[in-house]
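Below is the file run04.txt, which contains compact mmCIF, C-alpha atoms and all ligand atoms.
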```
# COMPACT_ATOMS: atom_id res chain seq x y z
CA MET X 10 -29.02 -45.44 38.04
CA ALA X 11 -29.58 -41.78 38.87
CA SER X 12 -27.06 -39.45 37.24
CA PRO X 13 -24.64 -37.84 39.72
CA LYS X 14 -25.57 -34.49 41.19
CA PRO X 15 -23.93 -31.72 39.13
CA LEU X 16 -21.14 -29.82 40.77
CA LYS X 17 -21.81 -26.15 41.47
CA VAL X 18 -19.05 -23.58 41.86
CA LEU X 19 -19.86 -20.06 43.01
CA PHE X 20 -17.42 -17.31 42.09
CA ILE X 21 -17.79 -13.94 43.83
CA GLY X 22 -16.47 -10.90 41.94
CA ASP X 23 -13.81 -8.59 43.40
CA ILE X 24 -14.72 -7.83 47.04
CA VAL X 25 -14.05 -4.11 47.41
CA ALA X 26 -13.09 -2.82 50.87
CA GLN X 27 -15.35 -2.82 53.93
CA PRO X 28 -18.61 -2.27 51.96
CA GLY X 29 -17.81 -5.47 50.06
CA MET X 30 -17.35 -7.35 53.32
CA ASP X 31 -20.48 -5.78 54.79
CA VAL X 32 -22.70 -6.85 51.89
CA LEU X 33 -21.29 -10.37 52.00
CA GLN X 34 -21.83 -10.62 55.73
CA THR X 35 -25.44 -9.52 55.28
CA LEU X 36 -26.42 -11.29 52.06
CA LEU X 37 -24.03 -14.20 51.46
CA PRO X 38 -25.85 -16.63 53.81
CA ALA X 39 -29.06 -16.19 51.79
CA LEU X 40 -27.17 -16.47 48.50
CA LEU X 41 -25.47 -19.68 49.63
CA LYS X 42 -28.81 -21.09 50.72
CA LYS X 43 -30.39 -20.19 47.39
CA THR X 44 -27.58 -21.46 45.15
CA ASN X 45 -26.22 -24.30 47.31
CA PRO X 46 -22.69 -24.36 45.82
CA ASP X 47 -20.19 -27.15 46.46
CA PHE X 48 -17.24 -24.77 46.30
CA VAL X 49 -16.88 -20.99 46.67
CA ILE X 50 -14.10 -18.86 45.19
CA ALA X 51 -13.83 -15.07 45.50
CA ASN X 52 -11.44 -12.46 44.20
CA GLY X 53 -9.97 -10.75 47.27
CA GLU X 54 -7.29 -8.39 45.96
CA ASN X 55 -9.32 -5.28 46.94
CA LEU X 56 -10.31 -6.45 50.42
CA HIS X 57 -8.21 -4.06 52.48
CA GLU X 58 -9.32 -0.49 51.72
CA GLY X 59 -9.46 -1.31 48.02
CA ARG X 60 -5.85 -2.43 47.73
CA GLY X 61 -4.45 -5.68 49.03
CA LEU X 62 -5.43 -7.99 51.86
CA ASN X 63 -4.84 -8.48 55.56
CA ASP X 64 -5.10 -11.50 57.88
CA GLU X 65 -8.28 -10.40 59.59
CA LEU X 66 -10.23 -9.91 56.35
CA VAL X 67 -8.88 -13.12 54.86
CA ASP X 68 -10.01 -15.04 57.95
CA ALA X 69 -13.44 -13.37 57.81
CA CYS X 70 -13.80 -14.53 54.18
CA PHE X 71 -12.91 -18.12 55.07
CA ASP X 72 -15.33 -17.99 58.03
CA MET X 73 -18.13 -16.90 55.68
CA GLY X 74 -17.71 -20.07 53.60
CA ILE X 75 -15.29 -18.92 50.89
CA HIS X 76 -12.86 -21.76 50.16
CA VAL X 77 -10.27 -19.97 48.00
CA LEU X 78 -9.35 -16.31 47.44
CA THR X 79 -7.81 -15.25 44.15
CA GLY X 80 -5.86 -12.04 43.53
CA GLY X 81 -4.58 -9.58 40.98
CA ASN X 82 -2.50 -6.44 40.58
CA HIS X 83 -3.17 -5.47 44.23
CA SER X 84 -2.19 -8.84 45.74
CA PHE X 85 1.19 -7.50 46.86
CA ASP X 86 0.12 -3.99 47.97
CA LYS X 87 0.06 -4.71 51.74
CA HIS X 88 3.33 -6.31 52.79
CA HIS X 89 1.91 -7.62 56.08
CA ILE X 90 0.18 -10.34 54.08
CA PHE X 91 3.42 -11.66 52.54
CA LYS X 92 4.06 -14.13 55.38
CA ARG X 93 0.56 -15.54 54.98
CA LEU X 94 0.93 -15.72 51.18
CA LYS X 95 3.98 -17.93 51.70
CA THR X 96 2.16 -20.43 53.94
CA GLU X 97 -1.55 -20.29 53.06
CA ASN X 98 -2.50 -22.32 49.98
CA ARG X 99 -6.09 -21.01 50.04
CA ILE X 100 -4.90 -17.55 48.93
CA LEU X 101 -3.73 -17.31 45.35
CA ARG X 102 -1.99 -14.47 43.56
CA PRO X 103 -1.49 -14.35 39.78
CA PHE X 104 0.83 -17.15 38.73
CA ASN X 105 2.52 -15.18 35.96
CA TYR X 106 4.29 -12.61 38.16
CA PRO X 107 8.08 -13.00 38.15
CA LYS X 108 9.54 -15.82 40.22
CA GLY X 109 10.59 -14.83 43.73
CA ASN X 110 7.41 -12.97 44.66
CA PRO X 111 5.63 -14.50 47.66
CA GLY X 112 2.67 -16.83 47.25
CA ILE X 113 1.35 -19.34 44.74
CA GLY X 114 -0.70 -18.96 41.58
CA PHE X 115 -2.60 -22.22 41.50
CA GLY X 116 -3.80 -24.96 43.80
CA VAL X 117 -5.74 -28.20 43.81
CA TYR X 118 -8.37 -28.50 46.53
CA GLU X 119 -10.73 -31.19 47.84
CA ILE X 120 -14.37 -30.28 47.20
CA PRO X 121 -16.17 -30.91 50.50
CA ASN X 122 -18.41 -34.01 50.52
CA ARG X 123 -17.99 -34.70 46.79
CA ASN X 124 -14.88 -36.87 46.58
CA LYS X 125 -13.62 -34.63 43.78
CA LYS X 126 -10.83 -32.11 43.36
CA ILE X 127 -10.90 -28.65 41.84
CA GLY X 128 -7.86 -26.94 40.38
CA VAL X 129 -7.96 -23.15 40.68
CA ILE X 130 -5.60 -21.05 38.57
CA ASN X 131 -5.07 -17.29 38.93
CA LEU X 132 -3.56 -15.29 36.06
CA ILE X 133 -3.13 -11.63 35.22
CA GLY X 134 -3.22 -9.89 31.86
CA ARG X 135 -0.54 -7.56 30.54
CA THR X 136 -2.43 -5.29 28.16
CA TYR X 137 -2.52 -1.84 29.87
CA MET X 138 -0.95 -3.58 32.88
CA GLN X 139 2.51 -4.58 34.12
CA PRO X 140 4.64 -6.55 31.64
CA VAL X 141 4.36 -9.84 33.51
CA ASN X 142 5.02 -13.27 32.00
CA ASP X 143 2.83 -14.44 29.12
CA PRO X 144 -0.48 -15.63 30.66
CA PHE X 145 -1.13 -18.01 27.74
CA GLU X 146 2.20 -19.80 28.07
CA SER X 147 1.88 -19.72 31.86
CA VAL X 148 -1.52 -21.40 31.93
CA ASP X 149 -0.29 -24.09 29.52
CA TYR X 150 2.49 -24.84 31.99
CA VAL X 151 0.12 -24.95 34.98
CA LEU X 152 -2.27 -27.27 33.14
CA SER X 153 0.58 -29.65 32.33
CA ARG X 154 1.24 -29.80 36.09
CA ILE X 155 -2.29 -30.26 37.46
CA LYS X 156 -4.69 -31.45 34.76
CA ASP X 157 -4.44 -35.11 35.77
CA GLU X 158 -4.83 -34.33 39.44
CA ALA X 159 -7.98 -32.17 39.26
CA ASP X 160 -11.48 -33.28 38.21
CA VAL X 161 -12.53 -29.75 37.32
CA LEU X 162 -10.48 -26.63 36.57
CA PHE X 163 -11.37 -23.01 37.29
CA VAL X 164 -9.42 -19.99 35.99
CA ASP X 165 -9.57 -16.36 37.23
CA MET X 166 -7.99 -14.11 34.58
CA HIS X 167 -7.49 -10.69 36.17
CA SER X 168 -7.15 -8.28 33.32
CA GLU X 169 -7.92 -4.79 32.05
CA ALA X 170 -8.48 -5.61 28.39
CA THR X 171 -11.62 -7.47 27.32
CA ALA X 172 -9.77 -8.83 24.27
CA GLU X 173 -7.09 -10.46 26.40
CA LYS X 174 -9.67 -12.17 28.59
CA MET X 175 -11.72 -13.32 25.60
CA ALA X 176 -8.63 -14.66 23.82
CA LEU X 177 -7.67 -16.61 26.93
CA GLY X 178 -11.20 -18.01 27.09
CA TRP X 179 -10.84 -19.34 23.54
CA HIS X 180 -7.32 -20.60 24.28
CA LEU X 181 -8.74 -22.68 27.13
CA ASP X 182 -12.04 -23.78 25.59
CA GLY X 183 -12.38 -27.52 26.14
CA ARG X 184 -9.31 -27.59 28.38
CA VAL X 185 -10.74 -26.15 31.61
CA SER X 186 -14.22 -26.04 33.13
CA VAL X 187 -14.56 -22.27 33.60
CA VAL X 188 -12.71 -19.05 32.78
CA VAL X 189 -13.87 -15.89 34.54
CA GLY X 190 -12.51 -12.41 34.01
CA THR X 191 -12.03 -10.03 36.93
CA HIS X 192 -10.50 -6.58 37.62
CA THR X 193 -12.68 -4.09 35.75
CA HIS X 194 -15.47 -4.30 38.38
CA ILE X 195 -18.19 -3.93 35.75
CA PRO X 196 -20.20 -7.10 35.09
CA THR X 197 -20.35 -7.96 31.40
CA ALA X 198 -23.41 -9.52 29.78
CA ASP X 199 -21.62 -12.34 27.93
CA ALA X 200 -21.77 -15.27 30.37
CA ARG X 201 -22.03 -18.40 28.25
CA VAL X 202 -20.64 -21.83 27.54
CA LEU X 203 -18.09 -21.88 24.71
CA PRO X 204 -18.42 -24.56 21.98
CA LYS X 205 -16.03 -27.09 23.55
CA GLY X 206 -17.62 -26.84 26.98
CA THR X 207 -15.82 -24.11 28.90
CA GLY X 208 -17.95 -21.66 30.87
CA TYR X 209 -16.86 -18.08 30.21
CA ILE X 210 -17.55 -14.48 31.22
CA THR X 211 -15.41 -11.45 30.39
CA ASP X 212 -15.92 -9.81 33.78
CA VAL X 213 -17.88 -11.00 36.78
CA GLY X 214 -18.13 -7.50 38.26
CA MET X 215 -17.47 -6.42 41.83
CA THR X 216 -18.94 -6.90 45.28
CA GLY X 217 -19.37 -3.66 47.19
CA SER X 218 -20.77 -0.18 46.70
CA PHE X 219 -22.30 0.67 43.32
CA GLN X 220 -22.97 4.29 44.25
CA SER X 221 -19.36 4.75 43.30
CA VAL X 222 -16.79 4.62 40.53
CA LEU X 223 -15.70 0.95 40.64
CA GLY X 224 -16.06 1.01 44.43
CA LEU X 225 -14.22 4.31 44.87
CA ASP X 226 -15.95 7.36 46.35
CA ILE X 227 -17.36 9.41 43.43
CA GLU X 228 -15.76 12.75 44.37
CA THR X 229 -12.38 11.09 44.92
CA ALA X 230 -12.64 9.40 41.53
CA LYS X 231 -13.51 12.69 39.86
CA ARG X 232 -10.55 14.39 41.55
CA ARG X 233 -8.21 11.65 40.34
CA LEU X 234 -9.46 12.09 36.80
CA THR X 235 -9.43 15.88 36.74
CA MET X 236 -6.40 16.72 38.90
CA LEU X 237 -4.26 13.89 37.45
CA THR X 238 -2.48 13.41 40.75
CA PRO X 239 -2.76 10.54 43.26
CA GLN X 240 -5.67 10.90 45.69
CA ARG X 241 -6.07 8.98 48.93
CA TYR X 242 -8.33 5.94 48.46
CA LYS X 243 -11.75 6.48 49.95
CA SER X 244 -14.28 3.72 49.50
CA ALA X 245 -17.86 4.56 48.60
CA GLN X 246 -20.68 3.47 50.89
CA GLY X 247 -24.09 3.25 49.21
CA ASP X 248 -25.97 0.73 47.06
CA LEU X 249 -24.31 -2.52 48.10
CA ARG X 250 -24.49 -5.53 45.82
CA ILE X 251 -22.83 -8.87 45.17
CA CYS X 252 -21.74 -9.80 41.64
CA GLY X 253 -21.05 -13.45 40.97
CA ILE X 254 -21.28 -16.43 38.68
CA LEU X 255 -22.74 -19.81 39.47
CA ALA X 256 -21.16 -22.45 37.24
CA THR X 257 -22.81 -25.86 37.02
CA LEU X 258 -20.37 -28.54 35.94
CA GLN X 259 -20.96 -31.98 34.49
CA GLU X 260 -19.32 -35.27 35.42
CA ASP X 261 -16.77 -34.93 32.58
CA GLY X 262 -15.67 -31.49 33.86
CA THR X 263 -17.40 -29.48 31.15
CA CYS X 264 -19.69 -26.61 32.02
CA ALA X 265 -23.46 -27.08 31.73
CA SER X 266 -24.46 -23.52 32.60
CA MET X 267 -23.14 -20.13 33.66
CA ASP X 268 -25.68 -18.20 35.70
CA GLN X 269 -24.82 -14.60 36.35
CA LEU X 270 -25.75 -13.37 39.81
CA LEU X 271 -26.39 -9.72 40.64
CA PHE X 272 -27.70 -9.71 44.17
CA PRO X 273 -29.82 -7.69 44.61
CA GLU X 274 -30.48 -7.14 40.91
CA PHE X 275 -29.98 -3.70 39.36
CA GLU X 276 -33.07 -1.55 38.96
CA THR X 277 -33.55 -0.52 35.36
CA THR X 278 -36.33 1.96 35.96
CA ARG X 279 -36.52 4.92 38.29
CA SER X 280 -38.19 4.02 41.57
FE FE C 1 -7.38 -5.47 39.99
```

If you took the structure in this file and wrote it as structure tokens, what would it be?
Ligand SMILES: [Fe+2]
Amino acid sequence: MASPKPLKVLFIGDIVAQPGMDVLQTLLPALLKKTNPDFVIANGENLHEGRGLNDELVDACFDMGIHVLTGGNHSFDKHHIFKRLKTENRILRPFNYPKGNPGIGFGVYEIPNRNKKIGVINLIGRTYMQPVNDPFESVDYVLSRIKDEADVLFVDMHSEATAEKMALGWHLDGRVSVVVGTHTHIPTADARVLPKGTGYITDVGMTGSFQSVLGLDIETAKRRLTMLTPQRYKSAQGDLRICGILATLQEDGTCASMDQLLFPEFETTRS
């Protein structure tokens, strides 16, 4: 008997403002055709002008073929989205924020045409960030709730510190299918499968303008760093790229491969 077709999950790194949407609208159809994923997850906390989300952008993401949006420290920045967070299970915000905040931090979803379910968990770190609840304890709790219900499990750990993401990866090795780090917007070169079968990367990187400082206009970023006062967010415009990870999962839920996607790829020589 032929072995079952492996399950492919595409994760798109933090979509930053309109340039992030523009590059997805232009290049995502080709990327989907090339990679043929069964399920698509994207981090959407920077969708609306770099901070937060709105209904229109969320709908545009779902229309493009993204099944679930994860979040982070900017999930609650635009209060107009609160109503949607309370009713829409396809938008996640980090689970380990204090109780009472709108939205949910994990969900179990049908994978189209595969007769399988994927559990998606969104967490946030607390090193150099807000003192939220312990992400390690929180994920243990979530797994106790959904591990029997989901065939595969995917974790987005939104965190500043590489050590915190790496430690969570080890904490979950063999217990979930994939752990990806988000938030720092710089793709790291450590995509791999950990010894017990969990796919891992410290940071997927961002989707948007790379002629920028993490998606922010270069002059604005320099002013923030030199003046040490808040500056109005201005998104950069040039050099648009998609950062992502294509995880191929086996029948038992372990990860067979983690392919890093930089689309188009970075040039490493001067053209
Ligand atoms: Fe963030």

Would you tabulate, counting all atoms listed in the file, all residues of chain X that have an atom at most 6 Å from an atom of ligand FE 1 (chain C), showing the closest pair of atoms and their distance in Å to one decimal, sorted by chain then ascending number, as a Markdown table?
```
| residue | atom | partner | partner_atom | distance |
| --- | --- | --- | --- | --- |
| X:Gly81 | CA | C:FE1 | FE | 5.1 |
| X:Asn82 | CA | C:FE1 | FE | 5.0 |
| X:His83 | CA | C:FE1 | FE | 6.0 |
| X:His192 | CA | C:FE1 | FE | 4.1 |
```

Neighbour list for region 231-244 of chain X as an MDAnalysis selection string, cut-off 7 Å, all atoms listed in the file, skip fewer than 4 positions in-chain: chainID X and resid 26 58 224:227

Contacts of Gly80 (chain X) at 6 Å (all atoms listed in the file; same-chain gap of 5+ positions) as an NGL selection string: :X and (52-54 or 101-102)

All residues 8 Å or closer to Ile133 (chain X), all atoms listed in the file, same chain fewer than 4 positions away omitted, as a PyMOL selection string: chain X and resi 81-82+103-105+141+144+166-168

Which residue of X:Ala198, X:Ile90, X:Leu16, X:Met138 approaches Pro121 (chain X) most closely, using all atoms listed in the file: X:Leu16

Counting all atoms listed in the file, the residue of X:Lys205, X:Lys43, X:Arg250, X:Arg123 that sits nearest Ala265 (chain X): X:Lys205

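Nearest residue to Gly183 (chain X), choosing from X:Ala256, X:Ala39, X:Ile195, X:Cys264 and counting all atoms listed in the file: X:Cys264.
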
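Distances to Gly253 (chain X) were evaluated for X:Arg93, X:His194, X:Arg99, X:Arg279 using only C-alpha atoms, and the minimum falls at X:His194.
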
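Going from CA of Val117 (chain X) to CA of Val189 (chain X) covers 17.4 Å.
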
Among the residues X:Pro46, X:Gly134, X:Gly29, X:Gly217, the one that comes closest to Thr171 (chain X) [using all atoms listed in the file]: X:Gly134

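What separates CA of Gln269 (chain X) from CA of Ala200 (chain X) is a distance of 6.7 Å.
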
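The residue that comes closest to Phe20 (chain X), out of X:Asn55, X:Asn110, X:Ser221, X:Thr79 and on the basis of only C-alpha atoms, is X:Thr79.
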
Radius query 12 Å about (-19.2, -4.9, 46.9), atoms used: all atoms listed in the file, as a PyMOL selection string: chain X and resi 21-37+51-53+55-56+58-59+194-195+213-225+244-253+271-273

Within-7 Å shell of (-1.8, -4.1, 47.5) in input frame, all atoms listed in the file, as a PyMOL selection string: chain X and resi 60-62+83-87

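The two atoms in question, CA of Leu181 (chain X) and CA of Asp212 (chain X), are spaced 16.2 Å apart.
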
Long-range neighbours of Asp64 (chain X) as a PyMOL selection string, 12 Å cut-off, all atoms listed in the file, 4 positions minimum in chain: chain X and resi 53+56-57+68-71+87-94+97+100

For region 226-244 of chain X, I'd like the enclosing box, axis-aligned and padded by 6 Å on every side, reported as lines of an AutoDock Vina configuration file with centre and edge lengths in Å to one decimal.
```
center_x = -9.9
center_y = 10.2
center_z = 43.3
size_x = 26.9
size_y = 25.0
size_z = 25.2
```
